[in-house]
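Structure record follows, encoded as structure tokens.
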Amino acid sequence: MPLVVQKFGGTSVADAERIQAVADHVARTRRAGSDVVVVVSAMGKTTDELVRLAGEVSSTQPPRELDVLLSSGERISMSLLCMALADLGVEGVSFTGSQAGIVTDTEHTRAKILEVRGDRLREVLARGGVPVVAGFQGVSTARDITTLGRGGSDTTAVALAAALGADECEIYTDVTGVFSADPRVVPEAHRLARVSFEEMLEVAATGGRVLALRSVEFARNHHVPLHVRSSFTWEPGTRVDEEDPAMEQAVVTAVTHDTSEAKVTVAGVPDRPGLAALLFRALADRGVNVDMIVQNTSAHGTTDISFTVPSGDLPTSTEVAESLVGELGAAGVSSDAGVARVSLVGAGMKTHPGVTALMFETLAGAGINIEMISTSSIRISCMVRAERVDEAVRLLHAAFGLG
Ligand code: ADP
Ligand code: ASP
Ligand code: MG
């Protein structure tokens, strides 16, 4: 019997009616002859609400306790869905991440999955039931509850699909698939029928939150085909899979944007070997994930180094940089939370010159200043002022004929 993992995001289980609609869909899939493992997110904005509550109660928020709190949202959805399934004559059996055998490292609030045991899920499948697993969570090697970072239910779903050898992993959400830009920002964006893992990795890494980055990495590494689709219309959506060498690659597939990063600048760093290493080692040791880095050409023997970090890491990063000003012999540190990134992603840009030029011309035409630039072989990103990023996305989407 084919096995499919079906993941339902927060909006897909936002209220009683939505949960019943999901139960109905799961029951139909089961009756059509597939084994199903379900992964659920917390209902609606529950996780945001829990984060807010933690912030009201505590300024220290011990990470272990925060994870216990955040993991509770998904437990509500999984039990309610199993009840709705029972009404339809389907045996749904709920499992927390820990019960499902999802073992993680000990990095609270951003734990990585180390192993998926899944024996209890196989037992339920063997007797014809439907395991319903709480997304976004696991149990650490120190036996504490962990969460996988925001959007982590996608990662749970793909990890289970890989571990159980599922034929496909379906990600049900509030849009009909992966679009050429965030449809909330660009109403004329179009749905992509197919996206390669490589392109999807770039989309997810640059703000296209429709799939969590780690879930795409997992899918690519374990060859799990994904199908992103809507739980409101149930129509076929976007297939995310290996690149098809027979297909002509679009020069630009999608425009993405990300407002979740901030910029730190260390000014007047002497132009000597070892100083950048010192700074970025110190940041790494504090667990900061540095993204873009720009070092200006040196003038009079000194240079400015700017880099971006997730906004949440801005205080730590600034503190680390400031603590090193003396040792670096730098002039000072400044931080800037008002930046945002706009990116173009497309596998065809490898072989098509002129993409960068048109991108810069488009931004220049609107007087949008580019503060930093970074590229990969299939992506170009520019840092711009946050208040102009939506406009930048719309202009680029039109300039590259994606509408
Ligand atoms: P879920 O709760 O189902 O996990 P998310 O909110 O995490 O849903 O992801 C879906 C959202 O991702 C959409 O509502 C959409 O606004 C946003 N999004 C951003 N970029 C894209 C894109 N390129 N294609 C589709 N959706 C996108
Ligand atoms: N509920 C978690 C979040 O909001 C995980 C998820 O939905 O994927 O981030
Ligand atoms: Mg999501």
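Each chain in the structure tokens gets a letter, A, B and so on, in the order shown; residues start at 1 in every chain, and ligands are counted from 1 in the order they appear.
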
Show me which residues line ligand 3, defined as having an atom within 12 Å of a ligand atom where only C-alpha atoms and all ligand atoms count, and present them as a PyMOL selection string. chain A and resi 7-12+40-45+47+135-136+149-157+171-175+204+207-215+228

Any chance you could export the current selection's N, CA and C atoms as a short mmCIF file (atom, residue, chain, number, x, y, z; two decimals), in the first residue's frame?
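The resulting result11.cif:
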```cif
data_model
loop_
_atom_site.label_atom_id
_atom_site.label_comp_id
_atom_site.auth_asym_id
_atom_site.auth_seq_id
_atom_site.Cartn_x
_atom_site.Cartn_y
_atom_site.Cartn_z
N LYS A 7 0.92 16.85 6.02
CA LYS A 7 1.16 17.85 7.07
C LYS A 7 0.18 19.00 6.90
N PHE A 8 -0.45 19.39 8.01
CA PHE A 8 -1.41 20.49 7.97
C PHE A 8 -0.91 21.64 8.84
N GLY A 9 -0.73 22.80 8.21
CA GLY A 9 -0.23 23.98 8.92
C GLY A 9 -1.29 24.63 9.78
N GLY A 10 -0.89 25.69 10.48
CA GLY A 10 -1.75 26.35 11.47
C GLY A 10 -3.11 26.79 10.94
N THR A 11 -3.13 27.42 9.76
CA THR A 11 -4.42 27.88 9.24
C THR A 11 -5.30 26.70 8.83
N SER A 12 -4.68 25.57 8.50
CA SER A 12 -5.44 24.39 8.05
C SER A 12 -6.18 23.72 9.21
N VAL A 40 0.55 17.60 12.40
CA VAL A 40 -0.21 18.85 12.56
C VAL A 40 0.61 19.94 13.23
N SER A 41 0.30 21.18 12.84
CA SER A 41 0.82 22.37 13.52
C SER A 41 -0.17 22.78 14.60
N ALA A 42 0.23 23.77 15.39
CA ALA A 42 -0.67 24.35 16.38
C ALA A 42 -1.77 25.12 15.66
N MET A 43 -2.94 25.21 16.30
CA MET A 43 -4.09 25.88 15.69
C MET A 43 -3.83 27.36 15.48
N GLY A 44 -4.07 27.84 14.25
CA GLY A 44 -4.00 29.28 13.96
C GLY A 44 -2.74 29.93 14.49
N LYS A 45 -2.93 30.97 15.29
CA LYS A 45 -1.79 31.75 15.79
C LYS A 45 -1.36 31.30 17.20
N THR A 47 0.96 29.45 18.44
CA THR A 47 2.38 29.52 18.81
C THR A 47 2.79 30.98 19.08
N GLY A 135 3.65 18.23 15.24
CA GLY A 135 4.81 18.74 14.52
C GLY A 135 5.71 19.57 15.42
N PHE A 136 6.91 19.92 14.88
CA PHE A 136 7.72 21.01 15.46
C PHE A 136 8.43 20.62 16.75
N GLY A 149 12.36 25.05 15.94
CA GLY A 149 12.42 26.37 15.29
C GLY A 149 11.12 26.64 14.56
N ARG A 150 10.78 27.93 14.40
CA ARG A 150 9.50 28.31 13.82
C ARG A 150 9.34 27.69 12.42
N GLY A 151 8.14 27.22 12.16
CA GLY A 151 7.87 26.55 10.88
C GLY A 151 8.31 25.09 10.88
N GLY A 152 8.73 24.59 12.05
CA GLY A 152 9.37 23.28 12.14
C GLY A 152 8.48 22.07 11.87
N SER A 153 7.17 22.28 11.80
CA SER A 153 6.30 21.12 11.49
C SER A 153 6.58 20.57 10.10
N ASP A 154 6.99 21.44 9.19
CA ASP A 154 7.37 20.96 7.85
C ASP A 154 8.51 19.95 7.98
N THR A 155 9.47 20.27 8.85
CA THR A 155 10.64 19.41 9.03
C THR A 155 10.22 18.07 9.65
N THR A 156 9.31 18.12 10.62
CA THR A 156 8.79 16.88 11.21
C THR A 156 8.21 15.98 10.11
N ALA A 157 7.41 16.60 9.25
CA ALA A 157 6.72 15.82 8.21
C ALA A 157 7.73 15.15 7.27
N ILE A 171 2.36 18.83 1.87
CA ILE A 171 2.36 19.95 2.81
C ILE A 171 1.11 20.78 2.50
N TYR A 172 0.11 20.69 3.36
CA TYR A 172 -1.13 21.45 3.13
C TYR A 172 -1.04 22.79 3.85
N THR A 173 -1.38 23.86 3.12
CA THR A 173 -1.26 25.18 3.71
C THR A 173 -2.38 26.09 3.22
N ASP A 174 -2.21 27.42 3.37
CA ASP A 174 -3.31 28.34 3.03
C ASP A 174 -3.14 28.95 1.64
N VAL A 175 -2.14 28.52 0.89
CA VAL A 175 -2.01 28.94 -0.51
C VAL A 175 -1.99 27.67 -1.36
N ALA A 204 13.41 29.09 0.15
CA ALA A 204 13.16 28.95 1.59
C ALA A 204 14.20 29.72 2.40
N GLY A 207 13.42 33.74 2.53
CA GLY A 207 12.20 34.33 3.06
C GLY A 207 10.90 33.73 2.57
N GLY A 208 10.94 32.81 1.60
CA GLY A 208 9.69 32.18 1.12
C GLY A 208 9.23 31.15 2.12
N ARG A 209 8.55 31.60 3.17
CA ARG A 209 8.34 30.72 4.33
C ARG A 209 7.34 29.61 4.09
N VAL A 210 6.86 29.46 2.86
CA VAL A 210 5.88 28.41 2.58
C VAL A 210 6.43 27.02 2.94
N LEU A 211 7.75 26.84 2.87
CA LEU A 211 8.39 25.62 3.39
C LEU A 211 9.55 26.04 4.27
N ALA A 212 9.70 25.39 5.43
CA ALA A 212 10.84 25.68 6.29
C ALA A 212 12.11 25.17 5.61
N LEU A 213 13.18 25.96 5.71
CA LEU A 213 14.43 25.61 5.03
C LEU A 213 14.91 24.20 5.36
N ARG A 214 14.87 23.86 6.64
CA ARG A 214 15.41 22.55 7.03
C ARG A 214 14.60 21.41 6.42
N SER A 215 13.31 21.63 6.22
CA SER A 215 12.49 20.56 5.63
C SER A 215 12.93 20.32 4.18
N VAL A 228 3.30 20.69 -2.31
CA VAL A 228 2.76 21.80 -1.51
C VAL A 228 1.40 22.16 -2.09
#
```

Which residues in stretch 30-210 of chain A does DSSP call helix (DSSP H, G or I)? List them as a PyMOL selection string. chain A and resi 30-31+46-57+63-87+119-126+153-164+197-205

Residue selection dump (C-alpha atoms) as a short mmCIF file (atom, residue, chain, number, x, y, z; two decimals), in the first residue's frame:
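Result saved to selection-v5.cif:
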```
data_model
loop_
_atom_site.label_atom_id
_atom_site.label_comp_id
_atom_site.auth_asym_id
_atom_site.auth_seq_id
_atom_site.Cartn_x
_atom_site.Cartn_y
_atom_site.Cartn_z
CA ARG A 30 -7.31 6.27 3.73
CA ARG A 31 -10.39 4.88 1.98
CA THR A 46 -1.43 29.61 18.94
CA THR A 47 2.38 29.52 18.81
CA ASP A 48 2.60 33.33 18.45
CA GLU A 49 0.22 33.64 21.38
CA LEU A 50 2.35 31.32 23.54
CA VAL A 51 5.51 33.26 22.62
CA ARG A 52 3.74 36.47 23.61
CA LEU A 53 2.57 35.00 26.93
CA ALA A 54 6.09 33.83 27.77
CA GLY A 55 7.32 37.35 27.08
CA GLU A 56 4.74 38.82 29.44
CA VAL A 57 5.57 36.43 32.26
CA PRO A 63 14.79 27.65 26.94
CA ARG A 64 13.83 24.28 28.40
CA GLU A 65 10.59 25.69 29.78
CA LEU A 66 9.91 27.70 26.63
CA ASP A 67 10.06 24.47 24.63
CA VAL A 68 7.61 22.71 26.95
CA LEU A 69 5.26 25.65 26.50
CA LEU A 70 5.59 25.95 22.71
CA SER A 71 5.25 22.22 22.11
CA SER A 72 1.84 22.27 23.80
CA GLY A 73 0.12 23.99 20.85
CA GLU A 74 0.61 21.00 18.58
CA ARG A 75 -0.72 18.62 21.26
CA ILE A 76 -4.06 20.41 21.15
CA SER A 77 -4.37 19.96 17.38
CA MET A 78 -3.33 16.32 17.34
CA SER A 79 -5.83 15.22 19.97
CA LEU A 80 -8.71 17.19 18.43
CA LEU A 81 -7.96 15.76 14.99
CA CYS A 82 -7.99 12.21 16.37
CA MET A 83 -11.40 12.88 17.92
CA ALA A 84 -12.72 14.16 14.60
CA LEU A 85 -11.30 11.07 12.87
CA ALA A 86 -13.01 8.81 15.40
CA ASP A 87 -16.37 10.33 14.42
CA ASP A 119 8.22 2.09 15.75
CA ARG A 120 4.96 3.09 17.39
CA LEU A 121 3.80 4.76 14.19
CA ARG A 122 4.51 1.57 12.21
CA GLU A 123 2.46 -0.43 14.74
CA VAL A 124 -0.53 1.85 14.24
CA LEU A 125 -0.17 1.71 10.45
CA ALA A 126 0.06 -2.09 10.57
CA SER A 153 6.30 21.12 11.49
CA ASP A 154 7.37 20.96 7.85
CA THR A 155 10.64 19.41 9.03
CA THR A 156 8.79 16.88 11.21
CA ALA A 157 6.72 15.82 8.21
CA VAL A 158 9.68 15.36 5.88
CA ALA A 159 11.74 13.58 8.53
CA LEU A 160 8.90 11.12 9.14
CA ALA A 161 8.41 10.63 5.41
CA ALA A 162 12.10 9.80 5.05
CA ALA A 163 12.19 7.50 8.07
CA LEU A 164 9.04 5.60 7.11
CA PHE A 197 15.05 21.12 -4.60
CA GLU A 198 17.93 23.48 -5.46
CA GLU A 199 15.62 26.38 -6.27
CA MET A 200 13.32 25.63 -3.35
CA LEU A 201 16.30 25.69 -0.98
CA GLU A 202 17.13 29.21 -2.17
CA VAL A 203 13.49 30.31 -1.95
CA ALA A 204 13.16 28.95 1.59
CA ALA A 205 16.51 30.41 2.66
#
```

Pick out the closest residue to ligand 1 from this set: A:Ala284, A:Val345, A:Leu328, A:Val384. Count only C-alpha atoms and all ligand atoms. A:Val345

Set the distance at 6 Å and use only C-alpha atoms: which residues neighbour A:Ile380 once local chain neighbours fewer than 3 positions away are removed? I'd like the list as a tab-separated table (two decimals) with all heavy atoms, in the first residue's frame.
```
chain	number	residue	atom	x	y	z
A	343	SER	N	15.38	39.00	-3.13
A	343	SER	CA	16.22	38.06	-3.90
A	343	SER	C	15.52	37.57	-5.15
A	343	SER	O	14.29	37.45	-5.18
A	343	SER	CB	16.56	36.83	-3.04
A	343	SER	OG	17.07	37.20	-1.79
A	344	LEU	N	16.32	37.27	-6.15
A	344	LEU	CA	15.85	36.58	-7.34
A	344	LEU	C	16.42	35.17	-7.31
A	344	LEU	O	17.61	35.00	-7.06
A	344	LEU	CB	16.36	37.27	-8.61
A	344	LEU	CG	15.94	38.71	-8.88
A	344	LEU	CD1	16.58	39.17	-10.19
A	344	LEU	CD2	14.43	38.80	-8.98
A	375	THR	N	25.42	36.69	-3.74
A	375	THR	CA	24.94	35.83	-4.83
A	375	THR	C	25.31	34.38	-4.58
A	375	THR	O	26.24	34.08	-3.83
A	375	THR	CB	25.59	36.22	-6.17
A	375	THR	OG1	27.00	36.06	-6.06
A	375	THR	CG2	25.28	37.65	-6.56
```

Would you please give, as a JSON list (two decimals) with N, CA, C and O atoms, in the first residue's frame, all residues of stretch 82-117 of chain A that DSSP assigns to strand (DSSP E or B) based on the backbone?
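The result, written out as out_29.json:
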```
[["chain", "number", "residue", "atom", "x", "y", "z"],
["A", 92, "GLY", "N", -7.61, 7.30, 14.65],
["A", 92, "GLY", "CA", -6.47, 8.20, 14.70],
["A", 92, "GLY", "C", -5.80, 8.04, 16.05],
["A", 92, "GLY", "O", -6.48, 7.96, 17.07],
["A", 93, "VAL", "N", -4.48, 7.94, 16.06],
["A", 93, "VAL", "CA", -3.76, 7.79, 17.33],
["A", 93, "VAL", "C", -2.73, 8.91, 17.43],
["A", 93, "VAL", "O", -1.83, 9.00, 16.59],
["A", 94, "SER", "N", -2.86, 9.76, 18.44],
["A", 94, "SER", "CA", -1.98, 10.92, 18.53],
["A", 94, "SER", "C", -0.65, 10.56, 19.19],
["A", 94, "SER", "O", -0.58, 9.70, 20.06],
["A", 95, "PHE", "N", 0.40, 11.23, 18.74],
["A", 95, "PHE", "CA", 1.73, 11.06, 19.31],
["A", 95, "PHE", "C", 2.41, 12.41, 19.44],
["A", 95, "PHE", "O", 2.43, 13.18, 18.48],
["A", 102, "ILE", "N", 11.04, 10.95, 17.80],
["A", 102, "ILE", "CA", 11.85, 11.96, 17.12],
["A", 102, "ILE", "C", 12.90, 12.48, 18.10],
["A", 102, "ILE", "O", 12.59, 13.23, 19.04],
["A", 103, "VAL", "N", 14.13, 12.03, 17.91],
["A", 103, "VAL", "CA", 15.21, 12.35, 18.85],
["A", 103, "VAL", "C", 16.02, 13.51, 18.28],
["A", 103, "VAL", "O", 16.40, 13.51, 17.10],
["A", 104, "THR", "N", 16.27, 14.52, 19.10],
["A", 104, "THR", "CA", 16.98, 15.72, 18.64],
["A", 104, "THR", "C", 18.23, 15.96, 19.47],
["A", 104, "THR", "O", 18.44, 15.31, 20.50],
["A", 113, "ILE", "N", 16.98, 17.39, 14.31],
["A", 113, "ILE", "CA", 16.60, 15.98, 14.43],
["A", 113, "ILE", "C", 17.83, 15.10, 14.19],
["A", 113, "ILE", "O", 18.54, 15.27, 13.21],
["A", 114, "LEU", "N", 18.09, 14.18, 15.13],
["A", 114, "LEU", "CA", 19.23, 13.27, 14.99],
["A", 114, "LEU", "C", 18.76, 11.91, 14.49],
["A", 114, "LEU", "O", 19.48, 11.21, 13.79],
["A", 115, "GLU", "N", 17.56, 11.53, 14.92],
["A", 115, "GLU", "CA", 17.10, 10.17, 14.63],
["A", 115, "GLU", "C", 15.58, 10.13, 14.72],
["A", 115, "GLU", "O", 14.99, 10.83, 15.53],
["A", 116, "VAL", "N", 14.96, 9.32, 13.86],
["A", 116, "VAL", "CA", 13.52, 9.11, 13.97],
["A", 116, "VAL", "C", 13.30, 7.62, 14.16],
["A", 116, "VAL", "O", 13.65, 6.83, 13.28]]
```

Atom-to-atom span, atom CA of A:Phe400 and atom 21 (C, counted along the ligand's line) of ligand 1, Å: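 Going from atom CA of A:Phe400 over to atom 21 (C, counted along the ligand's line) of ligand 1, I get 17.1 Å.
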
Would you kindly return, as a ChimeraX atom specification, each protein, DNA or RNA residue with an atom no farther than 12 Å from any atom of A:Arg239, considering only C-alpha atoms and excluding same-chain residues fewer than 4 positions away? /A:168-171,176-179,191-197,200,224-229,243-244

So, with only C-alpha atoms and all ligand atoms as the atoms that count, which of A:Val36, A:Val290, A:Val185, A:Ala16 lies closest to ligand 1? A:Val185
